[in-house]
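S.K.: What follows is the file data.csv, containing CSV, C-alpha atoms:
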chain,number,residue,atom,x,y,z
A,67,MET,CA,-29.0,-32.0,-114.1
A,68,PRO,CA,-25.5,-31.4,-112.6
A,69,ASN,CA,-26.4,-27.7,-112.3
A,70,LEU,CA,-29.5,-28.5,-110.3
A,71,ILE,CA,-27.6,-30.7,-108.0
A,72,HIS,CA,-25.0,-28.1,-107.5
A,73,GLY,CA,-27.6,-25.4,-106.8
A,74,ALA,CA,-29.3,-27.6,-104.2
A,75,ALA,CA,-26.1,-28.3,-102.4
A,76,VAL,CA,-25.3,-24.6,-102.3
A,77,ARG,CA,-28.7,-23.8,-100.9
A,78,THR,CA,-28.3,-26.5,-98.3
A,79,VAL,CA,-24.9,-25.2,-97.1
A,80,TYR,CA,-26.2,-21.7,-97.0
A,81,SER,CA,-29.2,-22.8,-94.9
A,82,LEU,CA,-26.9,-24.6,-92.4
A,83,LEU,CA,-24.6,-21.6,-92.1
A,84,THR,CA,-27.6,-19.4,-91.4
A,85,ALA,CA,-29.0,-21.7,-88.8
A,86,LEU,CA,-25.6,-21.9,-87.1
A,87,LEU,CA,-25.2,-18.1,-87.0
A,88,VAL,CA,-28.7,-17.7,-85.5
A,89,GLY,CA,-27.9,-20.3,-82.9
A,90,LEU,CA,-24.7,-18.7,-81.9
A,91,ALA,CA,-26.3,-15.3,-81.6
A,92,GLY,CA,-29.0,-16.8,-79.4
A,93,CYS,CA,-26.4,-18.3,-77.1
A,94,ALA,CA,-24.5,-15.0,-76.9
A,95,SER,CA,-27.7,-13.2,-76.0
A,96,ARG,CA,-28.5,-15.7,-73.2
A,97,GLU,CA,-25.0,-15.6,-71.7
A,98,ARG,CA,-24.6,-11.9,-71.7
A,99,ALA,CA,-24.5,-10.4,-68.2
A,100,PRO,CA,-27.5,-8.4,-67.2
A,101,ASP,CA,-27.0,-4.7,-66.9
A,102,LEU,CA,-25.8,-3.7,-63.3
A,103,ALA,CA,-28.2,-1.7,-61.2
A,104,PRO,CA,-26.9,1.8,-60.5
A,105,ALA,CA,-25.1,2.2,-57.2
A,106,VAL,CA,-27.2,3.7,-54.4
A,107,GLN,CA,-26.2,7.3,-53.7
A,108,VAL,CA,-26.1,8.0,-50.0
A,109,SER,CA,-26.5,11.7,-49.2
A,110,GLU,CA,-24.1,13.5,-46.9
A,111,ARG,CA,-27.0,14.2,-44.5
A,112,THR,CA,-27.6,10.4,-44.2
A,113,TRP,CA,-23.9,9.8,-43.5
A,114,GLN,CA,-24.1,12.4,-40.7
A,115,LEU,CA,-27.0,10.5,-39.2
A,116,VAL,CA,-25.1,7.2,-39.5
A,117,ASP,CA,-22.0,8.7,-37.8
A,118,ARG,CA,-24.2,10.1,-35.1
A,119,ASP,CA,-25.7,6.7,-34.4
A,120,ILE,CA,-22.3,5.1,-34.3
A,121,ALA,CA,-21.2,7.6,-31.7
A,122,ALA,CA,-24.4,7.0,-29.7
A,123,ALA,CA,-23.9,3.2,-29.8
A,124,SER,CA,-20.4,3.7,-28.4
A,125,LEU,CA,-21.7,5.9,-25.6
A,126,ALA,CA,-24.5,3.5,-24.8
A,127,ALA,CA,-22.0,0.6,-24.6
A,128,THR,CA,-19.7,2.6,-22.3
A,129,GLY,CA,-22.3,3.0,-19.5
A,130,PRO,CA,-22.8,-0.6,-18.6
A,131,SER,CA,-19.1,-1.2,-18.9
A,132,TRP,CA,-18.4,1.5,-16.4
A,133,ASN,CA,-21.1,0.2,-14.1
A,134,TYR,CA,-19.5,-3.3,-14.2
A,135,ALA,CA,-16.0,-1.9,-13.5
A,136,ARG,CA,-17.2,0.3,-10.6
A,137,GLY,CA,-19.2,-2.5,-9.0
A,138,SER,CA,-16.2,-4.8,-9.2
A,139,MET,CA,-13.8,-2.3,-7.9
A,140,GLU,CA,-16.1,-1.4,-5.0
A,141,ALA,CA,-15.9,-5.1,-4.1
A,142,TRP,CA,-12.1,-5.0,-4.4
A,143,ARG,CA,-11.8,-2.0,-2.1
A,144,SER,CA,-14.0,-3.6,0.4
A,145,ARG,CA,-11.9,-6.8,0.4
A,146,VAL,CA,-8.7,-4.8,0.8
A,147,ARG,CA,-10.0,-3.0,3.8
A,148,GLN,CA,-11.3,-6.1,5.4
A,149,ARG,CA,-8.0,-7.9,5.0
A,150,THR,CA,-6.1,-4.9,6.2
A,151,GLU,CA,-8.2,-5.0,9.4
A,152,GLU,CA,-7.9,-8.7,9.8
A,153,ASP,CA,-4.2,-9.2,9.0
A,154,PHE,CA,-1.9,-6.2,8.4
A,155,ILE,CA,-3.0,-3.9,11.2
A,156,PRO,CA,-2.9,-6.6,13.9
A,157,TRP,CA,0.4,-7.8,12.6
A,158,TYR,CA,1.9,-4.3,12.5
A,159,GLY,CA,0.6,-3.4,16.0
A,160,GLY,CA,1.8,-6.5,17.7
A,161,TYR,CA,4.4,-6.2,20.4
A,162,TRP,CA,6.9,-8.6,18.9
A,163,THR,CA,6.4,-7.1,15.4
A,164,GLN,CA,7.3,-3.7,16.8
A,165,GLN,CA,10.4,-5.1,18.5
A,166,TRP,CA,11.4,-6.9,15.3
A,167,LEU,CA,10.9,-3.7,13.3
A,168,ALA,CA,12.9,-1.8,15.8
A,169,ILE,CA,15.8,-4.3,15.4
A,170,LYS,CA,15.5,-3.9,11.6
A,171,VAL,CA,15.7,-0.1,11.9
A,172,ALA,CA,18.8,-0.4,14.1
A,173,TRP,CA,20.3,-2.8,11.7
A,174,TYR,CA,19.6,-0.5,8.8
A,175,GLN,CA,21.2,2.4,10.6
A,176,LEU,CA,24.3,0.5,11.4
A,177,GLY,CA,24.5,-0.7,7.8
A,178,SER,CA,23.8,2.5,6.0
A,179,GLY,CA,25.8,5.0,8.1
A,180,GLU,CA,23.5,7.7,6.7
A,181,GLY,CA,21.2,8.3,9.7
A,182,SER,CA,17.6,7.6,10.4
A,183,ASN,CA,16.3,8.8,7.0
A,184,ALA,CA,18.1,6.1,5.0
A,185,ALA,CA,16.9,3.5,7.6
A,186,ALA,CA,13.3,4.7,7.3
A,187,LYS,CA,13.4,4.3,3.5
A,188,ARG,CA,14.7,0.7,3.8
A,189,LEU,CA,12.0,0.0,6.4
A,190,ALA,CA,9.4,1.5,4.1
A,191,ALA,CA,10.3,-1.0,1.4
A,192,TYR,CA,9.9,-3.8,3.9
A,193,LEU,CA,6.5,-2.6,5.1
A,194,GLN,CA,5.4,-2.2,1.5
A,195,GLU,CA,6.5,-5.8,0.8
A,196,GLN,CA,4.5,-7.0,3.8
A,197,TYR,CA,1.4,-5.1,2.7
A,198,HIS,CA,1.6,-6.8,-0.7
A,199,GLN,CA,2.1,-10.2,0.8
A,200,ARG,CA,-0.6,-9.9,3.5
A,201,VAL,CA,-3.3,-7.9,1.8
A,202,LEU,CA,-3.0,-6.9,-1.8
A,203,GLY,CA,-1.7,-10.2,-3.2
A,204,PRO,CA,-4.3,-12.4,-1.6
A,205,VAL,CA,-7.1,-10.0,-2.6
A,206,ALA,CA,-5.9,-10.0,-6.2
A,207,GLU,CA,-6.4,-13.7,-6.3
A,208,GLU,CA,-10.1,-13.1,-5.6
A,209,ILE,CA,-10.7,-9.8,-7.4
A,210,ASP,CA,-8.0,-8.6,-9.8
A,211,PRO,CA,-8.2,-5.1,-11.3
A,212,GLN,CA,-6.2,-6.4,-14.3
A,213,VAL,CA,-9.0,-8.9,-14.9
A,214,ILE,CA,-11.7,-6.3,-14.3
A,215,ARG,CA,-10.1,-4.1,-17.0
A,216,GLY,CA,-10.1,-6.8,-19.5
A,217,GLN,CA,-13.7,-7.8,-18.7
A,218,ALA,CA,-15.0,-4.2,-18.8
A,219,THR,CA,-13.4,-3.7,-22.2
A,220,ALA,CA,-14.8,-7.0,-23.6
A,221,LEU,CA,-18.2,-6.0,-22.3
A,222,TYR,CA,-18.0,-2.7,-24.1
A,223,VAL,CA,-17.0,-4.3,-27.4
A,224,GLN,CA,-19.8,-6.9,-27.0
A,225,LEU,CA,-22.5,-4.2,-26.5
A,226,LEU,CA,-21.1,-2.0,-29.3
A,227,SER,CA,-21.0,-5.0,-31.7
A,228,ALA,CA,-24.6,-5.7,-30.9
A,229,ARG,CA,-25.8,-2.2,-31.8
A,230,ILE,CA,-23.7,-1.4,-34.9
A,231,PRO,CA,-25.4,-3.9,-37.3
A,232,ALA,CA,-28.9,-2.2,-36.9
A,233,ILE,CA,-27.7,1.2,-38.2
A,234,PRO,CA,-27.5,0.8,-42.0
A,235,ALA,CA,-31.0,-0.6,-42.3
A,236,ARG,CA,-32.3,2.4,-40.3
A,237,TYR,CA,-31.3,4.7,-43.1
A,238,GLY,CA,-31.3,2.4,-46.2
A,239,VAL,CA,-27.5,2.4,-46.5
A,240,PRO,CA,-26.2,-0.6,-48.6
A,241,ALA,CA,-24.2,-3.1,-46.5
A,242,GLU,CA,-21.1,-2.7,-48.7
A,243,GLN,CA,-21.0,1.1,-48.3
A,244,PHE,CA,-21.6,0.8,-44.5
A,245,GLU,CA,-18.7,-1.6,-44.2
A,246,GLN,CA,-16.5,0.8,-46.0
A,247,ARG,CA,-17.6,3.5,-43.5
A,248,LEU,CA,-16.7,1.3,-40.6
A,249,LYS,CA,-13.3,0.5,-42.1
A,250,ALA,CA,-12.6,4.3,-42.3
A,251,ILE,CA,-13.2,4.8,-38.5
A,252,PRO,CA,-10.2,3.9,-36.3
A,253,ALA,CA,-11.1,2.1,-33.1
A,254,ILE,CA,-7.6,1.4,-31.8
A,255,SER,CA,-4.7,3.7,-32.7
A,256,LEU,CA,-1.3,2.9,-31.2
A,257,ALA,CA,2.3,3.5,-32.3
A,258,PRO,CA,3.4,1.6,-35.4
A,259,PRO,CA,3.5,-1.2,-36.7
A,260,ALA,CA,0.1,-1.3,-38.5
A,261,ALA,CA,-0.9,-4.4,-36.5
A,262,HIS,CA,-1.2,-2.1,-33.5
A,263,GLY,CA,-4.1,-0.4,-35.1
A,264,ALA,CA,-7.6,-1.6,-35.9
A,265,SER,CA,-10.7,-0.1,-37.6
A,266,LEU,CA,-14.2,-0.2,-36.1
A,267,PHE,CA,-15.1,-2.8,-38.7
A,268,GLN,CA,-12.3,-5.1,-37.5
A,269,LEU,CA,-13.3,-4.5,-33.9
A,270,VAL,CA,-16.9,-5.4,-34.2
A,271,HIS,CA,-16.3,-8.4,-36.5
A,272,ALA,CA,-13.5,-10.0,-34.5
A,273,GLN,CA,-14.6,-13.4,-33.1
A,274,PRO,CA,-13.4,-13.8,-30.4
A,275,ILE,CA,-12.2,-10.3,-29.7
A,276,GLY,CA,-9.0,-11.6,-28.0
A,277,ASP,CA,-7.8,-12.8,-31.4
A,278,LEU,CA,-7.6,-9.3,-32.8
A,279,PRO,CA,-3.8,-8.4,-32.4
A,280,ALA,CA,-4.5,-4.7,-31.9
A,281,TYR,CA,-6.9,-5.4,-29.0
A,282,ALA,CA,-4.4,-7.6,-27.2
A,283,THR,CA,-1.8,-4.9,-27.8
A,284,LEU,CA,-4.0,-2.2,-26.4
A,285,LEU,CA,-4.6,-4.1,-23.1
A,286,ALA,CA,-0.9,-4.8,-22.8
A,287,HIS,CA,-0.1,-1.1,-23.5
A,288,VAL,CA,-2.5,0.1,-20.7
A,289,ARG,CA,-1.2,-2.5,-18.3
A,290,LYS,CA,2.4,-1.4,-18.9
A,291,ALA,CA,1.5,2.3,-18.6
A,292,GLY,CA,-0.2,1.6,-15.3
A,293,GLY,CA,2.5,-0.6,-13.8
A,294,ASP,CA,1.5,-3.5,-11.6
A,295,VAL,CA,-2.0,-2.1,-11.1
A,296,GLY,CA,-4.1,-4.0,-8.6
A,297,ALA,CA,-1.1,-5.5,-6.9
A,298,GLY,CA,-0.8,-2.3,-4.7
A,299,PRO,CA,-0.3,1.4,-4.7
A,300,SER,CA,2.4,2.8,-7.0
A,301,ASP,CA,5.7,3.6,-5.4
A,302,ALA,CA,4.9,7.3,-5.7
A,303,ARG,CA,1.8,6.7,-3.4
A,304,MET,CA,3.0,4.0,-1.1
A,305,SER,CA,6.6,5.0,-0.4
A,306,PRO,CA,5.8,8.3,1.3
A,307,LEU,CA,3.2,6.6,3.5
A,308,ALA,CA,5.5,3.8,4.4
A,309,GLU,CA,8.4,6.2,5.1
A,310,GLN,CA,6.1,8.2,7.4
A,311,MET,CA,5.2,5.0,9.2
A,312,ALA,CA,8.9,4.1,9.6
A,313,GLU,CA,9.8,7.5,10.9
A,314,ARG,CA,7.1,7.3,13.5
A,315,LEU,CA,8.5,4.0,14.6
A,316,VAL,CA,12.0,5.4,14.8
A,317,ALA,CA,10.9,8.3,16.9
A,318,ARG,CA,8.7,6.1,19.1
A,319,LEU,CA,11.4,3.6,20.0
A,320,ALA,CA,14.0,6.3,20.4
A,321,ILE,CA,16.4,4.6,18.1
A,322,GLY,CA,18.9,7.0,16.7
A,323,GLY,CA,22.4,8.0,17.6
A,324,GLY,CA,22.0,6.1,20.9
A,325,ALA,CA,21.7,2.8,19.1
A,326,SER,CA,24.7,3.5,16.9
A,327,ALA,CA,26.8,4.6,19.9
A,328,ALA,CA,25.9,1.4,21.9
A,329,ALA,CA,26.6,-0.8,18.9
A,330,ALA,CA,30.0,0.9,18.4
A,331,ALA,CA,30.9,0.4,22.0
A,332,VAL,CA,30.0,-3.3,22.3
A,333,GLY,CA,30.2,-4.2,18.6
A,334,GLY,CA,28.1,-6.0,16.1
A,335,VAL,CA,24.7,-7.6,16.7
A,336,ALA,CA,25.4,-7.9,20.4
A,337,GLY,CA,25.7,-4.1,20.7
A,338,MET,CA,22.5,-3.6,18.8
A,339,VAL,CA,20.6,-6.0,21.0
A,340,ILE,CA,22.0,-4.3,24.1
A,341,SER,CA,20.9,-0.9,22.8
A,342,LEU,CA,17.4,-2.1,22.1
A,343,GLY,CA,17.2,-3.6,25.5
A,344,ALA,CA,17.9,-0.2,27.0
A,345,THR,CA,15.5,1.7,24.8
A,346,GLY,CA,12.8,-0.9,24.3
A,347,ILE,CA,9.3,-0.6,25.9
A,348,SER,CA,7.5,-3.1,28.0
A,349,ALA,CA,4.6,-5.2,26.8
A,350,ILE,CA,2.2,-3.4,29.1
A,351,THR,CA,3.3,0.0,27.9
A,352,HIS,CA,3.0,-1.2,24.3
A,353,GLU,CA,-0.5,-2.5,24.8
A,354,ASN,CA,-1.5,0.9,26.3
A,355,GLN,CA,-0.1,2.7,23.2
A,356,ARG,CA,-1.3,0.1,20.6
A,357,PRO,CA,-4.8,1.6,20.0
A,358,GLU,CA,-3.4,4.9,19.0
A,359,LEU,CA,-0.6,3.3,16.9
A,360,GLU,CA,-3.2,1.2,15.0
A,361,ALA,CA,-5.6,4.2,14.6
A,362,GLN,CA,-2.8,6.2,12.9
A,363,LEU,CA,-1.9,3.4,10.7
A,364,ARG,CA,-5.6,2.7,9.7
A,365,GLU,CA,-6.1,6.4,8.8
A,366,SER,CA,-3.0,6.5,6.6
A,367,LEU,CA,-3.8,3.2,4.9
A,368,ASN,CA,-7.5,4.1,4.2
A,369,ALA,CA,-6.4,7.4,2.7
A,370,ALA,CA,-3.9,5.6,0.4
A,371,LEU,CA,-6.5,3.0,-0.5
A,372,ASP,CA,-9.1,5.6,-1.4
A,373,GLU,CA,-6.5,7.5,-3.5
A,374,MET,CA,-5.5,4.3,-5.3
A,375,TRP,CA,-9.2,3.3,-5.9
A,376,HIS,CA,-10.0,6.7,-7.5
A,377,GLY,CA,-6.9,6.4,-9.7
A,378,LEU,CA,-8.0,3.0,-10.9
A,379,MET,CA,-11.5,4.2,-11.6
A,380,GLU,CA,-10.8,7.7,-13.0
A,381,ASN,CA,-7.4,7.6,-14.7
A,382,THR,CA,-8.2,7.6,-18.4
A,383,THR,CA,-4.8,6.2,-19.4
A,384,THR,CA,-4.0,3.6,-16.8
A,385,GLY,CA,-7.3,2.8,-14.9
A,386,VAL,CA,-9.6,-0.2,-15.4
A,387,MET,CA,-11.6,1.8,-18.0
A,388,ALA,CA,-8.6,3.0,-19.9
A,389,ALA,CA,-8.9,0.6,-22.8
A,390,VAL,CA,-12.7,1.5,-23.1
A,391,TYR,CA,-11.9,5.2,-23.1
A,392,HIS,CA,-9.2,4.7,-25.8
A,393,ILE,CA,-11.7,3.0,-28.2
A,394,SER,CA,-14.6,5.3,-27.4
A,395,GLY,CA,-12.4,8.3,-27.8
A,396,GLN,CA,-11.2,7.2,-31.2
A,397,ILE,CA,-14.8,6.7,-32.4
A,398,ALA,CA,-15.9,10.0,-30.9
A,399,ALA,CA,-13.1,11.9,-32.6
A,400,SER,CA,-13.8,10.3,-36.0
A,401,THR,CA,-17.6,11.0,-35.9
A,402,ALA,CA,-17.7,14.3,-34.0
A,403,HIS,CA,-17.7,16.7,-37.0
A,404,ALA,CA,-20.2,14.8,-39.1
A,405,ALA,CA,-22.4,14.0,-36.1
A,406,SER,CA,-22.5,17.6,-35.0
A,407,GLN,CA,-23.9,18.6,-38.4
A,408,ALA,CA,-26.7,16.0,-38.3
A,409,PRO,CA,-30.2,17.2,-37.6
A,410,GLU,CA,-31.8,16.4,-34.3
A,411,VAL,CA,-33.6,13.1,-34.4
A,412,GLU,CA,-35.3,11.1,-31.6
A,413,ARG,CA,-32.8,8.7,-30.3
A,414,GLU,CA,-32.9,5.7,-28.0
A,415,ALA,CA,-31.5,6.5,-24.5
A,416,PRO,CA,-28.4,4.6,-23.4
A,417,GLU,CA,-29.3,1.4,-21.6
A,418,ALA,CA,-28.7,0.8,-17.9
A,419,TRP,CA,-26.9,-2.4,-17.0
A,420,PRO,CA,-29.7,-4.8,-16.0
A,421,PRO,CA,-29.4,-6.9,-12.9
A,422,GLY,CA,-27.3,-10.0,-13.7
A,423,GLY,CA,-25.7,-8.2,-16.6
A,424,PRO,CA,-25.2,-9.3,-20.2
A,425,ASP,CA,-23.4,-12.5,-21.4
A,426,LEU,CA,-20.0,-11.3,-20.3
A,427,PRO,CA,-19.8,-11.8,-17.4
A,428,GLU,CA,-23.1,-13.5,-16.6
A,429,GLN,CA,-23.3,-11.5,-13.3
A,430,PRO,CA,-21.0,-9.0,-11.7
A,431,TYR,CA,-20.8,-10.8,-8.4
A,432,ASP,CA,-21.0,-14.3,-7.1
A,433,ASP,CA,-23.1,-15.4,-4.1
A,434,ASP,CA,-20.5,-14.2,-1.7
A,435,GLY,CA,-20.6,-10.6,-3.1
A,436,ARG,CA,-17.2,-10.9,-4.8
A,437,ALA,CA,-16.6,-9.9,-8.4
A,438,ASP,CA,-17.0,-12.8,-10.9
A,439,ILE,CA,-13.6,-13.1,-12.6
A,440,ASP,CA,-13.8,-16.6,-13.8
A,441,SER,CA,-13.7,-15.6,-17.5
A,442,ALA,CA,-10.4,-14.7,-19.1
A,443,ASP,CA,-9.6,-11.0,-19.2
A,444,GLU,CA,-7.8,-11.0,-22.5
Using structure tokens, write down the structure that the file contains.
M.R.:
Amino acid sequence: MPNLIHGAAVRTVYSLLTALLVGLAGCASRERAPDLAPAVQVSERTWQLVDRDIAAASLAATGPSWNYARGSMEAWRSRVRQRTEEDFIPWYGGYWTQQWLAIKVAWYQLGSGEGSNAAAKRLAAYLQEQYHQRVLGPVAEEIDPQVIRGQATALYVQLLSARIPAIPARYGVPAEQFEQRLKAIPAISLAPPAAHGASLFQLVHAQPIGDLPAYATLLAHVRKAGGDVGAGPSDARMSPLAEQMAERLVARLAIGGGASAAAAAVGGVAGMVISLGATGISAITHENQRPELEAQLRESLNAALDEMWHGLMENTTTGVMAAVYHISGQIAASTAHAASQAPEVEREAPEAWPPGGPDLPEQPYDDDGRADIDSADE
């Protein structure tokens, strides 16, 4: 009897152990991770097509951005010319302004002791200052090329970001692999540190774009390279013009050695005033000569303005499109080789900027025909 009881107990224990092992095996089978699907292999030919579409997306985004910049800068040039006609030319051609400028020239000559050339340079700086205060500064409060640059760049990024996401589905490229491709394409490449650079992936996923450090650095870099763009012509452009204006004034009022001699004989400011009284012109004579004087000034200022406008529109490193050209150039350089090897495929033409424009800005001009610069540029 004891042996029977012992045998039954052993069989019971054995059965329990067997059931336990079977249960554990079942749990392990259920918890085992499923086999991973093999990674999709993207052919080199497909990557060439992807790169080509990335380059095409950049090109398509550049067109509307350039259209916006040009339209805004045309409005800026128009306002500068209008204010020049309404303020600066009448001020400069006025009788008392001419007399005051003549006094300044005489004073500069007495102070410098270096002849009329040094006096003309000092007067040039004064005229340039007046042009800033009377024309360019007030216009910049309405239409600022600095703001136009920032808005044109933001518009380019916005349009590019809208086109890029459609590319991987077009060729069946997995999202993860496409993201890695974007991360390998530099969009902003400036001098170290690394924060001054950004990949195409970072550019199109930054929300808002102004929070991307490299983007802000790029705009600041272009602004620094271009100087105080929009506040007036550079010294290299404006100074020769202003000096020429000053030299014409000196010659016209016959202030030269005679003024210095008179001042030396009488002394100080009194001598200068006496000299001016002897060489000054009457109001009637001035009014007769004023149309020619203003016509010469207008011709010179219009030429300088046209030159400045072309520089702002066409200079690829300092103009209002400089940041766009930097980004698009980086993308083009990174995709050029692969894109050139891709077979020809039918491609969507770059879009024209529709009337009213995209979301940024809502429209290029307000009801008065001025550029809409309410949104922040950076």
S.K.: Go through A:Ala402, A:Met387, A:Trp132, A:Arg356 one by one, measure the shortest atom-to-atom distance of each to A:Tyr161 using only C-alpha atoms, and give the residue with the smallest value.
M.R.: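 Looking only at the distances to A:Tyr161, the closest residue turns out to be A:Arg356.
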S.K.: Which one of A:Ala141, A:Val239, A:Tyr158, A:Gln212 sits closest to A:Leu115 if you count all atoms listed in the file?
M.R.: A:Val239
S.K.: Rounded to one decimal, what separation in Å do you get between atom CA of A:His403 and atom CA of A:Ala261?
M.R.: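 Those two atoms sit 27.0 Å apart.
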S.K.: Taking 5 positions as the minimum chain separation for residues in the same chain, which residues sit within 10 Å of A:Ile230 when counting only C-alpha atoms? Answer as a list in words.
M.R.: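 Using only C-alpha atoms, the neighbours found are Val116, Asp119, Ile120, Ala121, Ala122, Ala123, Ser124, Leu225, Leu248, Leu266, Phe267 and Val270 of chain A.
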S.K.: Between atom CA of A:Gln164 and atom CA of A:Arg145, what distance in Å does the model show, to one decimal?
M.R.: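 Going from atom CA of A:Gln164 over to atom CA of A:Arg145 covers 25.4 Å.
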S.K.: Go ahead and compute the interatomic distance for atom CA of A:Ala272 and atom CA of A:Ala228, in Å to one decimal.
M.R.: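 One can read the atom CA of A:Ala272 to atom CA of A:Ala228 distance as 12.4 Å.
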S.K.: Looking at A:Pro211, A:Ile251, A:Lys170, A:Leu285, which one is nearest to A:Ala190, with distances taken over all atoms listed in the file?
M.R.: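 So, comparing all the options, the nearest one is A:Lys170.
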S.K.: If you count all atoms listed in the file, which residues fall within 10 Å of A:Thr382, apart from same-chain ones fewer than 6 positions away, as an MDAnalysis selection string?
M.R.: chainID A and resid 288 388:392
S.K.: Which is closest to A:Pro204 among A:Gln107, A:Ile169, A:Trp113, A:Thr150, if we use only C-alpha atoms?
M.R.: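 The closest residue to A:Pro204 is A:Thr150.
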S.K.: Mind completing stretch 139-151 of chain A with N, CA and C atoms? Output as a PDB file, in the frame of the given file, please?
M.R.:
ATOM      1  N   MET A 139     -14.811  -2.940  -8.682  1.00  0.00           N
ATOM      2  CA  MET A 139     -13.800  -2.300  -7.900  1.00  0.00           C
ATOM      3  C   MET A 139     -14.248  -1.883  -6.515  1.00  0.00           C
ATOM      4  N   GLU A 140     -15.537  -1.654  -6.347  1.00  0.00           N
ATOM      5  CA  GLU A 140     -16.100  -1.400  -5.000  1.00  0.00           C
ATOM      6  C   GLU A 140     -15.868  -2.710  -4.169  1.00  0.00           C
ATOM      7  N   ALA A 141     -16.129  -3.872  -4.778  1.00  0.00           N
ATOM      8  CA  ALA A 141     -15.900  -5.100  -4.100  1.00  0.00           C
ATOM      9  C   ALA A 141     -14.429  -5.319  -3.755  1.00  0.00           C
ATOM     10  N   TRP A 142     -13.549  -4.925  -4.676  1.00  0.00           N
ATOM     11  CA  TRP A 142     -12.100  -5.000  -4.400  1.00  0.00           C
ATOM     12  C   TRP A 142     -11.689  -4.151  -3.265  1.00  0.00           C
ATOM     13  N   ARG A 143     -12.172  -2.905  -3.240  1.00  0.00           N
ATOM     14  CA  ARG A 143     -11.800  -2.000  -2.100  1.00  0.00           C
ATOM     15  C   ARG A 143     -12.299  -2.535  -0.812  1.00  0.00           C
ATOM     16  N   SER A 144     -13.499  -3.079  -0.804  1.00  0.00           N
ATOM     17  CA  SER A 144     -14.000  -3.600   0.400  1.00  0.00           C
ATOM     18  C   SER A 144     -13.196  -4.792   0.950  1.00  0.00           C
ATOM     19  N   ARG A 145     -12.753  -5.658   0.045  1.00  0.00           N
ATOM     20  CA  ARG A 145     -11.900  -6.800   0.400  1.00  0.00           C
ATOM     21  C   ARG A 145     -10.561  -6.342   0.938  1.00  0.00           C
ATOM     22  N   VAL A 146      -9.998  -5.314   0.325  1.00  0.00           N
ATOM     23  CA  VAL A 146      -8.700  -4.800   0.800  1.00  0.00           C
ATOM     24  C   VAL A 146      -8.817  -4.254   2.187  1.00  0.00           C
ATOM     25  N   ARG A 147      -9.864  -3.497   2.441  1.00  0.00           N
ATOM     26  CA  ARG A 147     -10.000  -3.000   3.800  1.00  0.00           C
ATOM     27  C   ARG A 147     -10.267  -4.070   4.806  1.00  0.00           C
ATOM     28  N   GLN A 148     -11.047  -5.049   4.429  1.00  0.00           N
ATOM     29  CA  GLN A 148     -11.300  -6.100   5.400  1.00  0.00           C
ATOM     30  C   GLN A 148     -10.032  -6.901   5.688  1.00  0.00           C
ATOM     31  N   ARG A 149      -9.238  -7.200   4.677  1.00  0.00           N
ATOM     32  CA  ARG A 149      -8.000  -7.900   5.000  1.00  0.00           C
ATOM     33  C   ARG A 149      -6.982  -7.092   5.685  1.00  0.00           C
ATOM     34  N   THR A 150      -7.001  -5.793   5.439  1.00  0.00           N
ATOM     35  CA  THR A 150      -6.100  -4.900   6.200  1.00  0.00           C
ATOM     36  C   THR A 150      -6.445  -4.948   7.670  1.00  0.00           C
ATOM     37  N   GLU A 151      -7.737  -4.940   7.996  1.00  0.00           N
ATOM     38  CA  GLU A 151      -8.200  -5.000   9.400  1.00  0.00           C
ATOM     39  C   GLU A 151      -7.871  -6.356  10.025  1.00  0.00           C
TER      40      GLU A 151
END
